[in-house]
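Enquirer: Sharing input_4.cif here; it has mmCIF, C-alpha atoms, pLDDT in the B column; chains and numbers go by the auth columns.
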data_input
#
loop_
_atom_site.group_PDB
_atom_site.id
_atom_site.type_symbol
_atom_site.label_atom_id
_atom_site.label_comp_id
_atom_site.label_asym_id
_atom_site.label_seq_id
_atom_site.Cartn_x
_atom_site.Cartn_y
_atom_site.Cartn_z
_atom_site.B_iso_or_equiv
_atom_site.auth_seq_id
_atom_site.auth_asym_id
ATOM 1 C CA MET A 1 8.929 31.170 7.520 44.00 1 A
ATOM 2 C CA LYS A 2 6.168 29.047 9.072 52.00 2 A
ATOM 3 C CA ASN A 3 4.276 30.466 12.020 54.00 3 A
ATOM 4 C CA LYS A 4 2.455 28.239 14.500 58.00 4 A
ATOM 5 C CA ASN A 5 0.459 31.255 15.691 64.00 5 A
ATOM 6 C CA ARG A 6 -0.485 32.520 12.234 72.00 6 A
ATOM 7 C CA PRO A 7 -4.174 33.600 12.206 82.00 7 A
ATOM 8 C CA ILE A 8 -6.435 30.957 10.675 89.00 8 A
ATOM 9 C CA THR A 9 -8.834 32.048 7.926 94.00 9 A
ATOM 10 C CA PHE A 10 -12.555 31.617 8.592 96.00 10 A
ATOM 11 C CA LEU A 11 -14.383 30.693 5.400 97.00 11 A
ATOM 12 C CA ASP A 12 -17.732 32.119 4.346 94.00 12 A
ATOM 13 C CA ASP A 13 -20.071 31.199 1.493 92.00 13 A
ATOM 14 C CA ARG A 14 -17.598 32.227 -1.182 95.00 14 A
ATOM 15 C CA LEU A 15 -15.982 29.319 -3.012 96.00 15 A
ATOM 16 C CA LEU A 16 -12.344 30.050 -2.285 96.00 16 A
ATOM 17 C CA PHE A 17 -9.429 29.158 -0.013 97.00 17 A
ATOM 18 C CA PRO A 18 -6.407 31.135 1.119 97.00 18 A
ATOM 19 C CA GLY A 19 -3.064 30.184 -0.368 97.00 19 A
ATOM 20 C CA VAL A 20 -1.607 27.062 1.232 97.00 20 A
ATOM 21 C CA GLU A 21 1.432 29.038 2.350 96.00 21 A
ATOM 22 C CA MET A 22 -0.897 30.575 4.941 96.00 22 A
ATOM 23 C CA ALA A 23 -1.199 27.256 6.808 97.00 23 A
ATOM 24 C CA ASN A 24 0.346 27.140 10.262 96.00 24 A
ATOM 25 C CA THR A 25 3.154 24.785 11.239 95.00 25 A
ATOM 26 C CA GLU A 26 0.672 21.981 11.912 95.00 26 A
ATOM 27 C CA GLY A 27 -0.830 22.387 8.442 97.00 27 A
ATOM 28 C CA LEU A 28 -4.135 23.966 9.508 97.00 28 A
ATOM 29 C CA LEU A 29 -5.196 26.457 6.853 97.00 29 A
ATOM 30 C CA ALA A 30 -8.835 27.430 7.314 98.00 30 A
ATOM 31 C CA VAL A 31 -11.998 26.831 9.344 97.00 31 A
ATOM 32 C CA GLY A 32 -15.645 26.700 8.305 96.00 32 A
ATOM 33 C CA GLY A 33 -17.243 26.682 4.883 96.00 33 A
ATOM 34 C CA ASP A 34 -19.205 23.658 3.755 96.00 34 A
ATOM 35 C CA LEU A 35 -18.761 20.188 2.276 95.00 35 A
ATOM 36 C CA SER A 36 -20.331 20.833 -1.105 96.00 36 A
ATOM 37 C CA PRO A 37 -18.886 18.810 -4.008 95.00 37 A
ATOM 38 C CA GLU A 38 -17.641 22.053 -5.544 96.00 38 A
ATOM 39 C CA ARG A 39 -15.746 23.125 -2.439 97.00 39 A
ATOM 40 C CA LEU A 40 -14.305 19.664 -1.863 97.00 40 A
ATOM 41 C CA LEU A 41 -13.030 19.421 -5.430 97.00 41 A
ATOM 42 C CA LEU A 42 -11.543 22.904 -5.211 97.00 42 A
ATOM 43 C CA ALA A 43 -9.823 21.893 -1.984 98.00 43 A
ATOM 44 C CA TYR A 44 -8.300 18.679 -3.330 97.00 44 A
ATOM 45 C CA ASN A 45 -7.219 20.389 -6.543 96.00 45 A
ATOM 46 C CA SER A 46 -5.471 22.996 -4.360 97.00 46 A
ATOM 47 C CA GLY A 47 -3.659 20.490 -2.146 98.00 47 A
ATOM 48 C CA ILE A 48 -6.126 20.942 0.736 98.00 48 A
ATOM 49 C CA PHE A 49 -8.269 18.385 2.554 97.00 49 A
ATOM 50 C CA PRO A 50 -10.869 18.415 5.384 96.00 50 A
ATOM 51 C CA TRP A 51 -10.198 16.681 8.696 93.00 51 A
ATOM 52 C CA PHE A 52 -12.024 17.430 11.929 90.00 52 A
ATOM 53 C CA ASN A 53 -13.782 15.884 14.918 81.00 53 A
ATOM 54 C CA GLU A 54 -17.511 15.221 15.133 77.00 54 A
ATOM 55 C CA ASP A 55 -18.122 18.164 17.474 77.00 55 A
ATOM 56 C CA SER A 56 -15.858 20.599 15.621 83.00 56 A
ATOM 57 C CA LEU A 57 -16.208 23.129 12.828 91.00 57 A
ATOM 58 C CA ILE A 58 -14.873 21.973 9.459 94.00 58 A
ATOM 59 C CA LEU A 59 -11.070 22.210 9.491 96.00 59 A
ATOM 60 C CA TRP A 60 -9.062 22.425 6.254 97.00 60 A
ATOM 61 C CA TRP A 61 -5.438 21.272 6.106 98.00 61 A
ATOM 62 C CA SER A 62 -2.419 21.519 3.835 98.00 62 A
ATOM 63 C CA PRO A 63 0.551 20.068 5.724 97.00 63 A
ATOM 64 C CA ASP A 64 4.204 20.554 4.856 98.00 64 A
ATOM 65 C CA PRO A 65 5.761 18.066 4.347 98.00 65 A
ATOM 66 C CA ARG A 66 3.147 15.843 2.707 98.00 66 A
ATOM 67 C CA MET A 67 2.929 12.054 2.965 98.00 67 A
ATOM 68 C CA VAL A 68 2.681 10.404 -0.448 98.00 68 A
ATOM 69 C CA LEU A 69 3.127 7.001 -2.007 98.00 69 A
ATOM 70 C CA PHE A 70 4.563 6.693 -5.490 98.00 70 A
ATOM 71 C CA PRO A 71 2.790 3.600 -6.870 98.00 71 A
ATOM 72 C CA GLU A 72 6.002 1.975 -8.075 97.00 72 A
ATOM 73 C CA ASN A 73 7.453 2.217 -4.544 98.00 73 A
ATOM 74 C CA ILE A 74 4.850 0.086 -2.780 98.00 74 A
ATOM 75 C CA LYS A 75 6.578 -2.288 -0.360 97.00 75 A
ATOM 76 C CA ILE A 76 5.287 -5.847 -0.157 96.00 76 A
ATOM 77 C CA SER A 77 6.732 -7.996 2.625 95.00 77 A
ATOM 78 C CA LYS A 78 7.350 -11.711 2.229 95.00 78 A
ATOM 79 C CA SER A 79 4.414 -12.542 4.495 93.00 79 A
ATOM 80 C CA MET A 80 2.218 -10.147 2.528 94.00 80 A
ATOM 81 C CA ARG A 81 3.240 -11.806 -0.731 95.00 81 A
ATOM 82 C CA ASN A 82 2.188 -15.127 0.752 93.00 82 A
ATOM 83 C CA THR A 83 -1.195 -13.662 1.630 91.00 83 A
ATOM 84 C CA LEU A 84 -1.624 -12.300 -1.880 93.00 84 A
ATOM 85 C CA ASN A 85 -0.530 -15.580 -3.481 92.00 85 A
ATOM 86 C CA LYS A 86 -3.099 -17.523 -1.475 90.00 86 A
ATOM 87 C CA GLU A 87 -5.833 -15.438 -3.119 89.00 87 A
ATOM 88 C CA LYS A 88 -7.762 -15.495 0.132 91.00 88 A
ATOM 89 C CA TYR A 89 -9.478 -12.225 -0.722 96.00 89 A
ATOM 90 C CA THR A 90 -11.284 -10.866 -3.774 97.00 90 A
ATOM 91 C CA ILE A 91 -10.840 -7.181 -4.586 97.00 91 A
ATOM 92 C CA THR A 92 -13.363 -5.057 -6.469 98.00 92 A
ATOM 93 C CA LYS A 93 -13.712 -1.387 -7.360 98.00 93 A
ATOM 94 C CA ASP A 94 -16.780 0.800 -6.777 98.00 94 A
ATOM 95 C CA LYS A 95 -19.015 -2.134 -5.877 98.00 95 A
ATOM 96 C CA ALA A 96 -19.816 -0.961 -2.336 98.00 96 A
ATOM 97 C CA PHE A 97 -18.708 2.663 -1.937 98.00 97 A
ATOM 98 C CA LYS A 98 -21.251 3.553 0.744 98.00 98 A
ATOM 99 C CA GLU A 99 -20.473 0.444 2.769 98.00 99 A
ATOM 100 C CA VAL A 100 -16.727 1.130 2.607 98.00 100 A
ATOM 101 C CA ILE A 101 -17.010 4.706 3.848 97.00 101 A
ATOM 102 C CA GLN A 102 -19.418 3.623 6.588 96.00 102 A
ATOM 103 C CA GLN A 103 -16.981 0.948 7.753 96.00 103 A
ATOM 104 C CA CYS A 104 -14.129 3.467 7.681 95.00 104 A
ATOM 105 C CA ALA A 105 -16.230 5.695 9.932 93.00 105 A
ATOM 106 C CA LYS A 106 -16.726 2.853 12.411 91.00 106 A
ATOM 107 C CA ALA A 107 -13.099 1.708 12.446 84.00 107 A
ATOM 108 C CA TYR A 108 -11.236 2.097 15.742 71.00 108 A
ATOM 109 C CA ARG A 109 -8.200 4.358 15.508 62.00 109 A
ATOM 110 C CA PRO A 110 -5.813 4.571 18.496 57.00 110 A
ATOM 111 C CA GLY A 111 -5.632 8.054 19.977 55.00 111 A
ATOM 112 C CA GLN A 112 -8.796 9.299 18.280 54.00 112 A
ATOM 113 C CA ASN A 113 -12.075 9.948 20.070 55.00 113 A
ATOM 114 C CA GLY A 114 -14.982 9.355 17.731 51.00 114 A
ATOM 115 C CA THR A 115 -14.654 9.775 13.984 66.00 115 A
ATOM 116 C CA TRP A 116 -14.109 12.609 11.557 76.00 116 A
ATOM 117 C CA ILE A 117 -16.196 10.728 8.974 89.00 117 A
ATOM 118 C CA THR A 118 -19.512 12.213 10.069 89.00 118 A
ATOM 119 C CA GLU A 119 -22.886 11.681 8.401 91.00 119 A
ATOM 120 C CA HIS A 120 -22.394 14.980 6.563 90.00 120 A
ATOM 121 C CA MET A 121 -19.003 13.784 5.348 92.00 121 A
ATOM 122 C CA ILE A 122 -20.463 10.495 4.176 96.00 122 A
ATOM 123 C CA GLU A 123 -23.200 12.260 2.239 96.00 123 A
ATOM 124 C CA ALA A 124 -20.686 14.673 0.689 96.00 124 A
ATOM 125 C CA TYR A 125 -18.418 11.886 -0.547 97.00 125 A
ATOM 126 C CA LEU A 126 -21.399 9.895 -1.815 98.00 126 A
ATOM 127 C CA GLN A 127 -22.195 12.912 -3.988 97.00 127 A
ATOM 128 C CA LEU A 128 -18.602 12.954 -5.265 98.00 128 A
ATOM 129 C CA HIS A 129 -18.873 9.230 -5.968 98.00 129 A
ATOM 130 C CA LYS A 130 -22.053 9.745 -7.989 98.00 130 A
ATOM 131 C CA LYS A 131 -20.248 12.422 -9.994 96.00 131 A
ATOM 132 C CA GLY A 132 -17.375 10.016 -10.718 97.00 132 A
ATOM 133 C CA HIS A 133 -14.757 11.739 -8.565 97.00 133 A
ATOM 134 C CA ALA A 134 -14.653 9.397 -5.541 98.00 134 A
ATOM 135 C CA HIS A 135 -13.852 5.694 -5.731 98.00 135 A
ATOM 136 C CA SER A 136 -13.670 2.724 -3.412 98.00 136 A
ATOM 137 C CA TYR A 137 -11.739 -0.519 -3.428 98.00 137 A
ATOM 138 C CA GLU A 138 -13.407 -3.391 -1.606 98.00 138 A
ATOM 139 C CA VAL A 139 -11.836 -6.505 -0.109 98.00 139 A
ATOM 140 C CA TRP A 140 -14.123 -9.526 0.152 98.00 140 A
ATOM 141 C CA GLU A 141 -13.786 -12.825 1.942 97.00 141 A
ATOM 142 C CA GLY A 142 -16.475 -14.807 0.221 96.00 142 A
ATOM 143 C CA LYS A 143 -19.541 -12.554 0.420 97.00 143 A
ATOM 144 C CA ASP A 144 -18.276 -10.623 3.448 98.00 144 A
ATOM 145 C CA LEU A 145 -16.815 -7.143 3.084 98.00 145 A
ATOM 146 C CA VAL A 146 -13.700 -7.351 5.267 98.00 146 A
ATOM 147 C CA GLY A 147 -11.627 -4.367 4.181 98.00 147 A
ATOM 148 C CA GLY A 148 -11.311 -1.490 1.793 98.00 148 A
ATOM 149 C CA LEU A 149 -10.365 2.088 1.120 98.00 149 A
ATOM 150 C CA TYR A 150 -11.775 5.131 -0.645 98.00 150 A
ATOM 151 C CA GLY A 151 -10.438 8.351 -2.075 98.00 151 A
ATOM 152 C CA ILE A 152 -10.677 11.107 -4.648 97.00 152 A
ATOM 153 C CA GLU A 153 -9.366 10.833 -8.197 96.00 153 A
ATOM 154 C CA LEU A 154 -7.800 13.936 -9.720 95.00 154 A
ATOM 155 C CA GLY A 155 -6.515 13.006 -13.126 93.00 155 A
ATOM 156 C CA HIS A 156 -3.436 10.895 -12.445 95.00 156 A
ATOM 157 C CA VAL A 157 -3.375 11.640 -8.711 97.00 157 A
ATOM 158 C CA PHE A 158 -5.352 9.554 -6.233 98.00 158 A
ATOM 159 C CA CYS A 159 -6.063 11.205 -2.879 98.00 159 A
ATOM 160 C CA GLY A 160 -6.489 8.413 -0.360 97.00 160 A
ATOM 161 C CA GLU A 161 -8.931 9.251 2.422 96.00 161 A
ATOM 162 C CA SER A 162 -9.367 6.287 4.735 95.00 162 A
ATOM 163 C CA MET A 163 -9.015 2.503 5.040 95.00 163 A
ATOM 164 C CA PHE A 164 -10.557 -0.172 7.224 96.00 164 A
ATOM 165 C CA SER A 165 -9.813 -3.800 7.923 96.00 165 A
ATOM 166 C CA LYS A 166 -11.820 -6.543 9.619 96.00 166 A
ATOM 167 C CA ARG A 167 -9.379 -9.318 8.741 95.00 167 A
ATOM 168 C CA LYS A 168 -5.615 -9.562 8.858 92.00 168 A
ATOM 169 C CA ASP A 169 -3.943 -7.588 6.053 94.00 169 A
ATOM 170 C CA ALA A 170 -7.244 -6.765 4.329 96.00 170 A
ATOM 171 C CA SER A 171 -6.600 -3.020 4.079 95.00 171 A
ATOM 172 C CA LYS A 172 -3.012 -3.696 2.971 96.00 172 A
ATOM 173 C CA CYS A 173 -4.389 -5.845 0.155 97.00 173 A
ATOM 174 C CA ALA A 174 -6.589 -2.947 -0.937 97.00 174 A
ATOM 175 C CA LEU A 175 -3.706 -0.461 -0.943 97.00 175 A
ATOM 176 C CA ILE A 176 -1.350 -2.830 -2.762 97.00 176 A
ATOM 177 C CA HIS A 177 -4.012 -3.539 -5.377 97.00 177 A
ATOM 178 C CA LEU A 178 -4.588 0.210 -5.792 97.00 178 A
ATOM 179 C CA ALA A 179 -0.866 0.928 -6.179 98.00 179 A
ATOM 180 C CA ARG A 180 -0.378 -1.858 -8.705 97.00 180 A
ATOM 181 C CA GLU A 181 -3.378 -0.745 -10.729 97.00 181 A
ATOM 182 C CA LEU A 182 -2.366 2.915 -10.709 97.00 182 A
ATOM 183 C CA GLU A 183 1.201 2.063 -11.695 97.00 183 A
ATOM 184 C CA THR A 184 -0.085 0.310 -14.845 97.00 184 A
ATOM 185 C CA MET A 185 -2.162 3.431 -15.587 96.00 185 A
ATOM 186 C CA ASN A 186 0.856 5.745 -15.162 95.00 186 A
ATOM 187 C CA TYR A 187 -0.572 7.554 -12.141 97.00 187 A
ATOM 188 C CA ALA A 188 1.895 9.969 -10.600 97.00 188 A
ATOM 189 C CA VAL A 189 1.191 9.560 -6.895 98.00 189 A
ATOM 190 C CA ILE A 190 -1.170 8.448 -4.153 98.00 190 A
ATOM 191 C CA ASP A 191 -1.687 11.261 -1.659 98.00 191 A
ATOM 192 C CA CYS A 192 -1.610 9.850 1.899 97.00 192 A
ATOM 193 C CA GLN A 193 -1.837 13.297 3.504 96.00 193 A
ATOM 194 C CA LEU A 194 -0.280 12.690 6.947 94.00 194 A
ATOM 195 C CA HIS A 195 2.587 10.529 8.171 95.00 195 A
ATOM 196 C CA THR A 196 1.904 7.250 9.946 92.00 196 A
ATOM 197 C CA PRO A 197 4.375 4.421 10.629 94.00 197 A
ATOM 198 C CA HIS A 198 1.948 2.027 8.927 92.00 198 A
ATOM 199 C CA LEU A 199 1.997 3.979 5.666 94.00 199 A
ATOM 200 C CA GLU A 200 5.765 4.410 5.859 96.00 200 A
ATOM 201 C CA SER A 201 6.175 0.639 6.206 95.00 201 A
ATOM 202 C CA LEU A 202 4.282 0.259 2.934 96.00 202 A
ATOM 203 C CA GLY A 203 6.580 2.628 1.050 97.00 203 A
ATOM 204 C CA ALA A 204 4.995 6.031 1.587 98.00 204 A
ATOM 205 C CA GLU A 205 7.339 8.969 2.142 98.00 205 A
ATOM 206 C CA LEU A 206 7.319 12.626 3.107 98.00 206 A
ATOM 207 C CA ILE A 207 7.929 15.207 0.407 98.00 207 A
ATOM 208 C CA ALA A 208 7.824 18.996 0.463 98.00 208 A
ATOM 209 C CA ARG A 209 4.349 20.437 0.049 98.00 209 A
ATOM 210 C CA GLN A 210 5.491 22.428 -2.981 98.00 210 A
ATOM 211 C CA ASP A 211 6.741 19.243 -4.639 98.00 211 A
ATOM 212 C CA TYR A 212 3.318 17.683 -4.095 98.00 212 A
ATOM 213 C CA LEU A 213 1.599 20.783 -5.488 98.00 213 A
ATOM 214 C CA ASP A 214 3.823 20.642 -8.562 97.00 214 A
ATOM 215 C CA ILE A 215 2.895 16.986 -9.126 97.00 215 A
ATOM 216 C CA LEU A 216 -0.773 17.844 -8.630 96.00 216 A
ATOM 217 C CA LYS A 217 -0.616 20.729 -11.082 95.00 217 A
ATOM 218 C CA ARG A 218 0.889 18.524 -13.771 94.00 218 A
ATOM 219 C CA ASN A 219 -1.599 15.710 -13.325 93.00 219 A
ATOM 220 C CA LYS A 220 -4.903 16.958 -11.908 74.00 220 A
ATOM 221 C CA LYS A 221 -8.303 17.275 -13.558 64.00 221 A
ATOM 222 C CA SER A 222 -10.316 20.463 -13.701 49.00 222 A
ATOM 223 C CA CYS A 223 -12.691 21.224 -10.824 46.00 223 A
ATOM 224 C CA SER A 224 -15.837 20.562 -12.871 47.00 224 A
#
Translate the structure described by the file into structure tokens.
Expert:
Amino acid sequence: MKNKNRPITFLDDRLLFPGVEMANTEGLLAVGGDLSPERLLLAYNSGIFPWFNEDSLILWWSPDPRMVLFPENIKISKSMRNTLNKEKYTITKDKAFKEVIQQCAKAYRPGQNGTWITEHMIEAYLQLHKKGHAHSYEVWEGKDLVGGLYGIELGHVFCGESMFSKRKDASKCALIHLARELETMNYAVIDCQLHTPHLESLGAELIARQDYLDILKRNKKSCS
């Protein structure tokens, strides 16, 4: 039985997390630790992700249920198909990872004060990118970067982290391109972490955390 008041684990220097069943009803599992590549990879491979405010300690989450998008279930509206058919945008992969994550950090998000993508977070994910674990998809209008997304690749699971858009439908184009590409590569799922109406409108759905963990176990890479 879930407990909203369950004590939260405070992490130390040891490279470990409590079992995800210890998360409270909101999905908060642990506090503290660091953002080393090793800890981040262990977290994602365990169904855990960091999410916190600029002035907060590092917070680690494993919500139940979990928002995911099965690549084959991506929803493309008629107006979105028209946008794609016009080929207004060009989409690339890993051509501007740093710029994408910096733009995601600057993006305005209703109801949020500041950003959880701090300078330490940016540096941590740049390290993961250099190691081949983190990837970006860029949306260009001519030579201008107008949208994109980034995330972590774990075998045949892609853990989406954040998106940004400076032009109409630019981030949607990035997500649709990602889903189409991953479907051709037989990826199992795109992890969207938390529910939003926007993601739901694009075909994402809530599944039980254990179902997500089972998918992850069948498809993930090692933590090396």
Enquirer: Record the distance separating CA of Ala204 in chain A and CA of Arg66 in chain A, expressed in Å with one decimal.
Expert: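 Straight-line distance from CA of Ala204 in chain A to CA of Arg66 in chain A works out to 10.0 Å.
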Enquirer: When you look at Met80 in chain A with a cut-off of 10 Å (counting all atoms listed in the file), what residues show up, excluding the ones that are within fewer than 6 positions of it in the same chain? I need them as a list in words.
Expert: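 After dropping sequence-adjacent residues, the list is Lys86, Asp169, Lys172, Cys173 and Ile176 of chain A.
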Enquirer: Given the file shown, enumerate the residues that the PyMOL selection byres ((chain A and resi 43) around 10) captures and present them as number ranges by chain.
Expert: A: 15-17, 37-42, 44-50, 60-62, 223
Enquirer: I would like the residues chosen by the PyMOL selection byres ((chain A and resi 12) around 12) on the shown file; could you give them as a VMD selection string?
Expert: chain A and resid 9 to 11 13 to 18 30 to 34 39 58
Enquirer: When you count only C-alpha atoms, which of these residues is closest to Ile101 in chain A: A:Leu154, A:Ile122, A:Ile8, A:Cys192?
Expert: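 Nearest to Ile101 in chain A: A:Ile122.
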Enquirer: If you measure from CA of Ala134 in chain A to CA of Arg167 in chain A, what distance in Å do you get, rounded to one decimal?
Expert: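 Between these atoms lies a distance of 24.1 Å.
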Enquirer: Considering only C-alpha atoms, can you say which of A:Lys131, A:Val189, A:Leu175, A:Leu194 comes closest to Leu213 in chain A?
Expert: A:Val189
Enquirer: Name all residues at most 7 Å from His156 in chain A (count only C-alpha atoms; drop same-chain ones fewer than 4 positions away) and give them as a ChimeraX atom specification.
Expert: /A:187-188,219-220
